[in-house]
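Visitor: Data file upload-v4.pdb (PDB, C-alpha atoms) is appended below.
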ATOM      1  CA  MET A1346      36.061  43.527-141.930
ATOM      2  CA  ASP A1347      38.110  40.928-143.742
ATOM      3  CA  GLY A1348      39.338  42.188-147.054
ATOM      4  CA  PHE A1349      38.479  45.809-146.239
ATOM      5  CA  GLU A1350      41.188  48.232-147.352
ATOM      6  CA  ILE A1351      41.200  51.977-147.027
ATOM      7  CA  PHE A1352      43.695  52.588-149.832
ATOM      8  CA  ASP A1353      44.399  50.707-153.018
ATOM      9  CA  THR A1354      48.124  50.042-152.927
ATOM     10  CA  HIS A1355      50.206  49.208-155.980
ATOM     11  CA  ALA A1356      53.753  48.355-154.984
ATOM     12  CA  TRP A1357      56.600  47.913-157.430
ATOM     13  CA  HIS A1358      59.500  45.654-156.447
ATOM     14  CA  PRO A1359      62.438  46.739-158.640
ATOM     15  CA  PHE A1360      64.841  44.288-156.939
ATOM     16  CA  SER A1361      62.608  41.209-157.141
ATOM     17  CA  TYR A1362      64.758  39.921-160.015
ATOM     18  CA  PHE A1363      67.585  39.526-157.493
ATOM     19  CA  GLY A1364      65.342  37.804-154.973
ATOM     20  CA  LEU A1365      64.841  40.884-152.778
ATOM     21  CA  ASN A1366      61.117  41.239-152.086
ATOM     22  CA  SER A1367      61.277  43.108-148.820
ATOM     23  CA  PRO A1368      58.491  45.708-148.314
ATOM     24  CA  PHE A1369      61.221  48.177-147.338
ATOM     25  CA  LEU A1370      62.579  48.066-150.901
ATOM     26  CA  ALA A1371      59.150  48.345-152.531
ATOM     27  CA  LEU A1372      58.176  51.515-154.369
ATOM     28  CA  GLN A1373      54.612  52.812-154.340
ATOM     29  CA  GLN A1374      53.555  53.387-157.939
ATOM     30  CA  HIS A1375      50.897  55.938-157.006
ATOM     31  CA  THR A1376      53.397  57.981-154.990
ATOM     32  CA  ILE A1377      55.858  58.108-157.874
ATOM     33  CA  LEU A1378      53.141  58.883-160.416
ATOM     34  CA  TYR A1379      51.532  61.737-158.486
ATOM     35  CA  THR A1380      54.902  63.174-157.496
ATOM     36  CA  TRP A1381      55.785  63.532-161.161
ATOM     37  CA  ILE A1382      52.358  65.015-161.838
ATOM     38  CA  ALA A1383      53.025  67.593-159.087
ATOM     39  CA  LEU A1384      56.367  68.410-160.709
ATOM     40  CA  GLY A1385      54.538  68.797-164.006
ATOM     41  CA  PHE A1386      52.157  71.305-162.425
ATOM     42  CA  MET A1387      55.127  73.238-160.998
ATOM     43  CA  THR A1388      56.817  73.331-164.389
ATOM     44  CA  PHE A1389      53.621  74.615-165.964
ATOM     45  CA  PHE A1390      53.224  77.384-163.365
ATOM     46  CA  ALA A1391      56.889  78.367-163.691
ATOM     47  CA  LEU A1392      56.610  78.672-167.473
ATOM     48  CA  ALA A1393      53.327  80.568-167.164
ATOM     49  CA  ALA A1394      54.929  82.993-164.719
ATOM     50  CA  ARG A1395      57.929  83.531-166.990
ATOM     51  CA  ILE A1396      55.766  84.189-170.042
ATOM     52  CA  ALA A1397      53.438  86.505-168.113
ATOM     53  CA  LEU A1398      56.279  88.539-166.586
ATOM     54  CA  GLN A1399      58.146  88.893-169.868
ATOM     55  CA  SER A1400      55.282  89.368-172.329
ATOM     56  CA  TYR A1401      52.580  90.896-170.124
ATOM     57  CA  PRO A1402      54.393  92.671-167.254
ATOM     58  CA  ASN A1403      51.395  94.865-166.384
ATOM     59  CA  SER A1404      48.783  92.118-166.389
ATOM     60  CA  LEU A1405      46.885  90.842-163.366
ATOM     61  CA  VAL A1406      48.642  87.478-163.634
ATOM     62  CA  SER A1407      52.067  89.146-163.466
ATOM     63  CA  TYR A1408      50.966  91.179-160.473
ATOM     64  CA  ALA A1409      49.784  88.022-158.685
ATOM     65  CA  PHE A1410      53.087  86.238-159.309
ATOM     66  CA  LYS A1411      55.063  89.264-158.092
ATOM     67  CA  LYS A1412      53.042  89.503-154.887
ATOM     68  CA  TYR A1413      53.449  85.766-154.360
ATOM     69  CA  VAL A1414      57.234  86.009-154.595
ATOM     70  CA  ALA A1415      57.351  89.238-152.562
ATOM     71  CA  LEU A1416      55.503  87.535-149.704
ATOM     72  CA  PHE A1417      58.202  84.907-149.347
ATOM     73  CA  LEU A1418      60.997  87.396-149.951
ATOM     74  CA  ASN A1419      59.849  89.558-147.041
ATOM     75  CA  ASN A1420      59.545  86.564-144.718
ATOM     76  CA  VAL A1421      62.988  85.252-145.636
ATOM     77  CA  GLU A1422      64.603  88.667-145.196
ATOM     78  CA  GLN A1423      63.073  89.086-141.741
ATOM     79  CA  ALA A1424      63.963  85.563-140.639
ATOM     80  CA  CYS A1425      67.506  85.412-141.998
ATOM     81  CA  ARG A1426      68.620  88.870-140.962
ATOM     82  CA  GLY A1427      67.161  88.710-137.471
ATOM     83  CA  ALA A1428      66.235  91.460-135.064
ATOM     84  CA  ASP A1429      69.572  91.305-133.256
ATOM     85  CA  LYS A1430      71.555  91.582-136.523
ATOM     86  CA  HIS A1431      73.853  88.757-135.436
ATOM     87  CA  VAL A1432      73.956  87.248-138.888
ATOM     88  CA  CYS A1433      76.936  86.568-141.071
ATOM     89  CA  LYS A1434      77.141  89.085-143.884
ATOM     90  CA  HIS A1435      77.293  86.307-146.483
ATOM     91  CA  ALA A1436      73.721  85.295-145.630
ATOM     92  CA  GLY A1437      72.449  88.643-146.883
ATOM     93  CA  GLN A1438      73.893  87.888-150.308
ATOM     94  CA  ARG A1439      71.959  84.639-150.486
ATOM     95  CA  ILE A1440      68.502  85.968-149.621
ATOM     96  CA  ALA A1441      67.305  85.313-153.168
ATOM     97  CA  GLN A1442      68.612  81.750-153.018
ATOM     98  CA  HIS A1443      66.870  81.092-149.695
ATOM     99  CA  THR A1444      63.670  82.651-151.015
ATOM    100  CA  ALA A1445      63.721  80.422-154.084
ATOM    101  CA  PHE A1446      64.190  77.336-151.926
ATOM    102  CA  ILE A1447      61.409  78.149-149.436
ATOM    103  CA  LEU A1448      59.027  79.268-152.196
ATOM    104  CA  THR A1449      59.662  76.125-154.237
ATOM    105  CA  LEU A1450      59.228  73.934-151.175
ATOM    106  CA  PHE A1451      55.929  75.573-150.235
ATOM    107  CA  THR A1452      54.562  75.480-153.790
ATOM    108  CA  PHE A1453      55.441  71.820-154.232
ATOM    109  CA  LEU A1454      53.821  70.904-150.917
ATOM    110  CA  VAL A1455      50.649  72.849-151.696
ATOM    111  CA  ILE A1456      50.295  71.057-155.023
ATOM    112  CA  CYS A1457      50.968  67.655-153.456
ATOM    113  CA  ASN A1458      48.670  68.192-150.475
ATOM    114  CA  CYS A1459      45.792  69.695-152.472
ATOM    115  CA  MET A1460      46.006  67.278-155.382
ATOM    116  CA  VAL A1461      43.254  65.229-153.766
ATOM    117  CA  ILE A1462      40.631  67.784-154.856
ATOM    118  CA  ILE A1463      41.093  66.468-158.407
ATOM    119  CA  PRO A1464      38.954  63.327-158.840
ATOM    120  CA  THR A1465      40.903  60.026-158.709
ATOM    121  CA  PHE A1466      44.088  61.850-157.664
ATOM    122  CA  GLU A1467      45.965  61.136-154.411
ATOM    123  CA  GLU A1468      48.385  63.074-152.254
ATOM    124  CA  PRO A1469      52.030  61.924-152.557
ATOM    125  CA  THR A1470      52.606  63.326-149.068
ATOM    126  CA  LYS A1471      50.406  60.682-147.440
ATOM    127  CA  ASP A1472      53.382  58.369-148.058
ATOM    128  CA  LEU A1473      55.977  58.581-145.273
ATOM    129  CA  ASN A1474      58.791  58.097-147.805
ATOM    130  CA  THR A1475      57.839  61.370-149.497
ATOM    131  CA  THR A1476      57.747  63.398-146.281
ATOM    132  CA  ILE A1477      61.056  61.948-145.064
ATOM    133  CA  ALA A1478      62.665  62.777-148.421
ATOM    134  CA  LEU A1479      61.420  66.374-148.205
ATOM    135  CA  ALA A1480      62.605  66.660-144.600
ATOM    136  CA  LEU A1481      66.062  65.378-145.575
ATOM    137  CA  ILE A1482      66.254  67.899-148.417
ATOM    138  CA  SER A1483      65.425  70.694-145.976
ATOM    139  CA  PHE A1484      67.902  69.359-143.407
ATOM    140  CA  PHE A1485      70.845  69.130-145.799
ATOM    141  CA  TYR A1486      70.067  72.537-147.297
ATOM    142  CA  VAL A1487      70.090  74.134-143.841
ATOM    143  CA  GLN A1488      73.323  72.405-142.822
ATOM    144  CA  THR A1489      75.018  73.372-146.092
ATOM    145  CA  GLN A1490      74.076  77.014-145.643
ATOM    146  CA  ALA A1491      75.293  76.922-142.029
ATOM    147  CA  VAL A1492      78.711  75.715-143.174
ATOM    148  CA  ARG A1493      78.874  78.405-145.879
ATOM    149  CA  ALA A1494      77.910  81.105-143.383
ATOM    150  CA  HIS A1495      80.202  80.209-140.472
ATOM    151  CA  GLY A1496      82.882  77.974-141.943
ATOM    152  CA  ILE A1497      83.567  74.367-141.028
ATOM    153  CA  ILE A1498      85.183  75.273-137.679
ATOM    154  CA  GLY A1499      82.309  77.484-136.591
ATOM    155  CA  TYR A1500      79.817  74.851-137.759
ATOM    156  CA  LEU A1501      81.484  72.042-135.810
ATOM    157  CA  ASN A1502      81.634  74.262-132.738
ATOM    158  CA  GLU A1503      77.817  73.996-132.620
ATOM    159  CA  TYR A1504      78.226  70.256-132.025
ATOM    160  CA  PHE A1505      81.295  70.274-129.776
ATOM    161  CA  LYS A1506      80.663  72.794-127.003
ATOM    162  CA  THR A1507      83.776  74.265-125.349
ATOM    163  CA  PRO A1508      82.448  76.728-122.751
ATOM    164  CA  LEU A1509      85.703  77.320-120.839
ATOM    165  CA  PRO A1510      88.127  79.895-122.304
ATOM    166  CA  VAL A1511      91.622  78.486-122.730
ATOM    167  CA  PHE A1512      93.985  80.869-124.499
ATOM    168  CA  GLY A1513      94.809  84.458-123.607
ATOM    169  CA  ARG A1514      94.185  84.076-119.882
ATOM    170  CA  HIS A1515      97.779  84.316-118.697
ATOM    171  CA  GLN A1516     100.425  86.843-119.619
ATOM    172  CA  GLN A1517     103.379  84.747-118.433
ATOM    173  CA  LEU A1518     104.182  81.083-118.857
ATOM    174  CA  THR A1519     104.246  79.847-115.279
ATOM    175  CA  ALA A1520     103.559  76.515-113.661
ATOM    176  CA  TRP A1521     100.110  77.676-112.590
ATOM    177  CA  ALA A1522      99.363  78.906-116.127
ATOM    178  CA  ILE A1523     100.278  75.497-117.558
ATOM    179  CA  ILE A1524      98.142  73.653-114.990
ATOM    180  CA  ASP A1525      95.202  76.034-115.492
ATOM    181  CA  THR A1526      95.366  75.686-119.277
ATOM    182  CA  ALA A1527      95.722  71.908-119.107
ATOM    183  CA  TRP A1528      92.671  71.317-116.917
ATOM    184  CA  ARG A1529      90.594  73.655-119.043
ATOM    185  CA  VAL A1530      91.577  71.741-122.183
ATOM    186  CA  VAL A1531      90.671  68.456-120.513
ATOM    187  CA  ALA A1532      87.367  69.833-119.199
ATOM    188  CA  ASN A1533      86.437  71.255-122.597
ATOM    189  CA  SER A1534      87.241  67.917-124.253
ATOM    190  CA  ILE A1535      85.025  66.022-121.807
ATOM    191  CA  ILE A1536      82.180  68.521-122.169
ATOM    192  CA  ALA A1537      82.462  68.432-125.969
ATOM    193  CA  LEU A1538      82.310  64.634-126.065
ATOM    194  CA  LEU A1539      79.321  64.574-123.709
ATOM    195  CA  THR A1540      77.344  67.244-125.550
ATOM    196  CA  PHE A1541      78.052  65.969-129.075
ATOM    197  CA  PRO A1542      75.423  63.154-129.035
ATOM    198  CA  ILE A1543      72.821  65.546-127.593
ATOM    199  CA  GLU A1544      73.531  68.222-130.193
ATOM    200  CA  LEU A1545      73.544  65.648-132.996
ATOM    201  CA  LEU A1546      70.199  64.206-131.881
ATOM    202  CA  GLY A1547      68.820  67.723-131.645
ATOM    203  CA  LYS A1548      69.778  68.383-135.267
ATOM    204  CA  LEU A1549      68.406  65.063-136.506
ATOM    205  CA  ALA A1550      65.192  65.572-134.541
ATOM    206  CA  SER A1551      64.206  68.251-137.043
ATOM    207  CA  VAL A1552      63.976  65.571-139.744
ATOM    208  CA  LEU A1553      61.580  63.498-137.646
ATOM    209  CA  SER A1554      59.601  66.568-136.614
ATOM    210  CA  LEU A1555      59.090  67.802-140.171
ATOM    211  CA  SER A1556      58.404  64.431-141.771
ATOM    212  CA  PHE A1557      56.063  62.915-139.185
ATOM    213  CA  ARG A1558      54.079  66.119-138.642
ATOM    214  CA  LEU A1559      53.355  66.454-142.356
ATOM    215  CA  PHE A1560      52.743  62.745-142.844
ATOM    216  CA  GLY A1561      50.464  62.430-139.808
ATOM    217  CA  ASN A1562      48.197  65.305-140.764
ATOM    218  CA  ILE A1563      47.910  64.469-144.462
ATOM    219  CA  PHE A1564      47.551  60.741-143.859
ATOM    220  CA  GLY A1565      44.945  61.329-141.142
ATOM    221  CA  GLY A1566      42.867  63.552-143.395
ATOM    222  CA  SER A1567      43.204  61.048-146.227
ATOM    223  CA  VAL A1568      42.024  58.210-143.978
ATOM    224  CA  ILE A1569      38.957  60.167-142.851
ATOM    225  CA  SER A1570      38.085  61.135-146.420
ATOM    226  CA  SER A1571      38.524  57.577-147.687
ATOM    227  CA  LEU A1572      36.412  56.133-144.862
ATOM    228  CA  TRP A1573      33.629  58.599-145.610
ATOM    229  CA  LEU A1574      33.713  57.861-149.339
ATOM    230  CA  LYS A1575      33.575  54.106-148.777
ATOM    231  CA  PHE A1576      30.877  54.488-146.116
ATOM    232  CA  LYS A1577      28.551  56.652-148.217
ATOM    233  CA  SER A1578      29.082  54.494-151.298
ATOM    234  CA  GLN A1579      27.022  51.782-149.565
ATOM    235  CA  SER A1580      23.853  53.877-149.587
ATOM    236  CA  LEU A1581      22.214  56.227-152.066
ATOM    237  CA  VAL A1582      20.672  58.167-149.168
ATOM    238  CA  LEU A1583      24.078  58.924-147.665
ATOM    239  CA  GLN A1584      25.366  60.006-151.049
ATOM    240  CA  LEU A1585      22.476  62.447-151.435
ATOM    241  CA  ILE A1586      22.965  63.754-147.889
ATOM    242  CA  GLY A1587      26.659  64.331-148.497
ATOM    243  CA  LEU A1588      25.974  66.079-151.794
ATOM    244  CA  LEU A1589      23.000  68.239-150.802
ATOM    245  CA  SER A1590      24.258  69.190-147.341
ATOM    246  CA  GLY A1591      27.576  70.401-148.704
ATOM    247  CA  PHE A1592      29.512  67.958-146.495
ATOM    248  CA  ASN A1593      31.430  66.607-149.472
ATOM    249  CA  LEU A1594      32.326  70.067-150.714
ATOM    250  CA  PHE A1595      33.056  72.001-147.513
ATOM    251  CA  VAL A1596      34.429  69.284-145.227
ATOM    252  CA  ILE A1597      36.058  66.714-147.486
ATOM    253  CA  VAL A1598      37.218  69.013-150.285
ATOM    254  CA  GLY A1599      37.371  72.362-148.511
ATOM    255  CA  PHE A1600      38.862  71.383-145.151
ATOM    256  CA  PHE A1601      40.829  68.165-145.732
ATOM    257  CA  GLY A1602      41.688  69.026-149.324
ATOM    258  CA  LEU A1603      42.468  72.752-149.444
ATOM    259  CA  PHE A1604      42.666  74.216-145.945
ATOM    260  CA  GLU A1605      44.684  71.433-144.333
ATOM    261  CA  GLY A1606      46.901  71.055-147.395
ATOM    262  CA  ILE A1607      47.820  74.753-147.486
ATOM    263  CA  LEU A1608      48.200  74.893-143.709
ATOM    264  CA  GLN A1609      50.588  71.939-143.546
ATOM    265  CA  ALA A1610      52.612  73.293-146.469
ATOM    266  CA  ALA A1611      52.953  76.609-144.638
ATOM    267  CA  VAL A1612      53.949  74.888-141.383
ATOM    268  CA  PHE A1613      56.580  72.748-143.115
ATOM    269  CA  SER A1614      58.118  75.640-145.055
ATOM    270  CA  MET A1615      58.040  78.059-142.107
ATOM    271  CA  LEU A1616      59.691  75.519-139.800
ATOM    272  CA  THR A1617      62.368  75.008-142.427
ATOM    273  CA  LEU A1618      62.827  78.773-142.574
ATOM    274  CA  MET A1619      63.106  78.873-138.781
ATOM    275  CA  TYR A1620      65.791  76.163-138.810
ATOM    276  CA  LEU A1621      67.597  78.086-141.541
ATOM    277  CA  SER A1622      67.426  81.311-139.539
ATOM    278  CA  ASN A1623      68.815  79.576-136.449
ATOM    279  CA  ALA A1624      71.611  78.024-138.498
ATOM    280  CA  LEU A1625      72.626  81.365-140.024
ATOM    281  CA  THR A1626      72.331  83.274-136.751
ATOM    282  CA  SER A1627      75.182  83.136-134.280
ATOM    283  CA  THR A1628      75.982  85.415-131.355
ATOM    284  CA  ASP A1629      79.617  84.375-131.654
ATOM    285  CA  VAL A1630      80.160  85.949-135.066
ATOM    286  CA  PRO A1631      82.891  88.636-135.016
ATOM    287  CA  GLU A1632      81.751  92.239-135.344
ATOM    288  CA  GLU A1633      83.391  92.693-138.742
ATOM    289  CA  LEU A1634      81.225  89.885-140.140
ATOM    290  CA  ILE A1635      77.929  91.211-138.845
ATOM    291  CA  SER A1636      75.729  92.743-141.523
TER     292      SER A1636
END
Please rewrite the model in this file as structure tokens.
Guide:
Amino acid sequence: MDGFEIFDTHAWHPFSYFGLNSPFLALQQHTILYTWIALGFMTFFALAARIALQSYPNSLVSYAFKKYVALFLNNVEQACRGADKHVCKHAGQRIAQHTAFILTLFTFLVICNCMVIIPTFEEPTKDLNTTIALALISFFYVQTQAVRAHGIIGYLNEYFKTPLPVFGRHQQLTAWAIIDTAWRVVANSIIALLTFPIELLGKLASVLSLSFRLFGNIFGGSVISSLWLKFKSQSLVLQLIGLLSGFNLFVIVGFFGLFEGILQAAVFSMLTLMYLSNALTSTDVPEELIS
């Protein structure tokens, strides 16, 4: 098995001039190339949609684009408004913004994951750097929207839990009132300091969950496909079996290329939408702010 490689890697070391050749600082040329190709596909589809909607509003293409956007719009509205209606009213004004983000994220992931069906093309999402970058984009978007919805004080209160009520418990300033307030302040401070690392890890865990789930599934499918291609390339009989039996088409292209790629894109985008819904939803929002 010496010299056997599943993938052909082409690393670029931009800092080698300064003597830094660490693999951590290396950039995968294929990942960068196919990421830009995916962005090119997105730009093409966006321009095609704009031209179709403006010049041919009653065409089948325009109808397909409208239904595509409406699907995400309905999901975002249901997720961000919530059944209990405990959502800040400002979130309702940003439904279009959230829809654009989730739709763009899903479309980009579908293109990246399914790019393998094009001969000689590779999935950028089989690189852990790509999935971590996408997870960080989702994370910071969710946190930014949480701050805009609840304010910085309400946002920080999710990290520093203060379960004991302090103010408004006593009508008169007595010695007992001072002692009761003081111990509650101390207890809340201790609880907040103890729960902060747990809450922070819980927030950061979403980055690991999103990135490693997407990377593991796409990388696993890519490994299986590459092993099969290298295995059957050793024999003409295996190549004929794979071609005539439909294994290449239905399993390699259909399952690992299309089905798994679309499924993982949907999982990633829907989990991001769930995190966004949880960030916008708060049972502690005052009644006058509830939509």
Visitor: Report, in Å to a single decimal, how far apart atom CA of Ala1356 of chain A and atom CA of Leu1372 of chain A are.
Guide: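 Atom-to-atom, atom CA of Leu1372 of chain A to atom CA of Ala1356 of chain A, that is 5.5 Å.
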Visitor: Quick one, how far is atom CA of Val1568 of chain A from atom CA of Phe1600 of chain A?
Guide: 13.6 Å
Visitor: Taking the file above as input, evaluate the PyMOL selection byres ((chain A and resi 1481) around 10) and report the hits as a list in words.
Guide: Thr1475, Thr1476, Ile1477, Ala1478, Leu1479, Ala1480, Ile1482, Ser1483, Phe1484, Phe1485, Tyr1486, Val1487, Leu1549, Ser1551, Val1552, Leu1553, Leu1555 and Ser1556 of chain A
Visitor: I need the chosen residues saved as a tab-separated table (two decimals), in the frame of the given file, with C-alpha atoms.
Guide:
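Saved result, selection_39.tsv, follows:
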chain	number	residue	atom	x	y	z
A	1475	THR	CA	57.84	61.37	-149.50
A	1476	THR	CA	57.75	63.40	-146.28
A	1477	ILE	CA	61.06	61.95	-145.06
A	1478	ALA	CA	62.66	62.78	-148.42
A	1479	LEU	CA	61.42	66.37	-148.21
A	1480	ALA	CA	62.60	66.66	-144.60
A	1482	ILE	CA	66.25	67.90	-148.42
A	1483	SER	CA	65.42	70.69	-145.98
A	1484	PHE	CA	67.90	69.36	-143.41
A	1485	PHE	CA	70.84	69.13	-145.80
A	1486	TYR	CA	70.07	72.54	-147.30
A	1487	VAL	CA	70.09	74.13	-143.84
A	1549	LEU	CA	68.41	65.06	-136.51
A	1551	SER	CA	64.21	68.25	-137.04
A	1552	VAL	CA	63.98	65.57	-139.74
A	1553	LEU	CA	61.58	63.50	-137.65
A	1555	LEU	CA	59.09	67.80	-140.17
A	1556	SER	CA	58.40	64.43	-141.77
Visitor: Interatomic distance between atom CA of Lys1506 of chain A and atom CA of Ala1537 of chain A?
Guide: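 Going from atom CA of Lys1506 of chain A over to atom CA of Ala1537 of chain A, I get 4.8 Å.
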Visitor: Ranking A:Gly1364, A:Leu1539, A:Ser1554, A:Ile1563 by minimum distance to Phe1601 of chain A and counting all atoms listed in the file, which one comes first?
Guide: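 Looking only at the distances to Phe1601 of chain A, the closest residue turns out to be A:Ile1563.
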Visitor: What's the 12 Å shell around Gly1565 of chain A, counting all atoms listed in the file, without same-chain residues fewer than 5 positions away, as an MDAnalysis selection string?
Guide: chainID A and resid 1351 1468 1470:1472 1557:1560 1570:1572 1601:1602 1605:1606
Visitor: Kindly resolve the PyMOL selection byres ((chain A and resi 1453) around 10) on the present coordinates and return the residues as a PyMOL selection string.
Guide: chain A and resi 1380+1383-1384+1386-1387+1447-1452+1454-1458+1610
Visitor: Leu1538 of chain A: which residues within 12 Å, counting all atoms listed in the file, same-chain residues fewer than 6 positions away excluded, as an NGL selection string?
Guide: :A and (1502 or 1504-1507 or 1531-1532 or 1544-1545)
Visitor: For Pro1542 of chain A, which residue out of A:Glu1503, A:His1375, A:Ile1569, A:Ala1611 is the nearest one, using all atoms listed in the file?
Guide: A:Glu1503
Visitor: Restricting the calculation to all atoms listed in the file, which member of A:Val1612, A:Ile1463, A:Cys1425, A:Pro1402 is positioned closest to Ala1491 of chain A?
Guide: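 Closest to Ala1491 of chain A, using all atoms listed in the file: A:Cys1425.
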Visitor: With only C-alpha atoms as the atoms that count, which of A:Ser1567, A:Thr1626, A:Thr1388, A:Gln1488 lies nearest to Phe1466 of chain A?
Guide: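 Counting only C-alpha atoms, the residue closest to Phe1466 of chain A is A:Ser1567.
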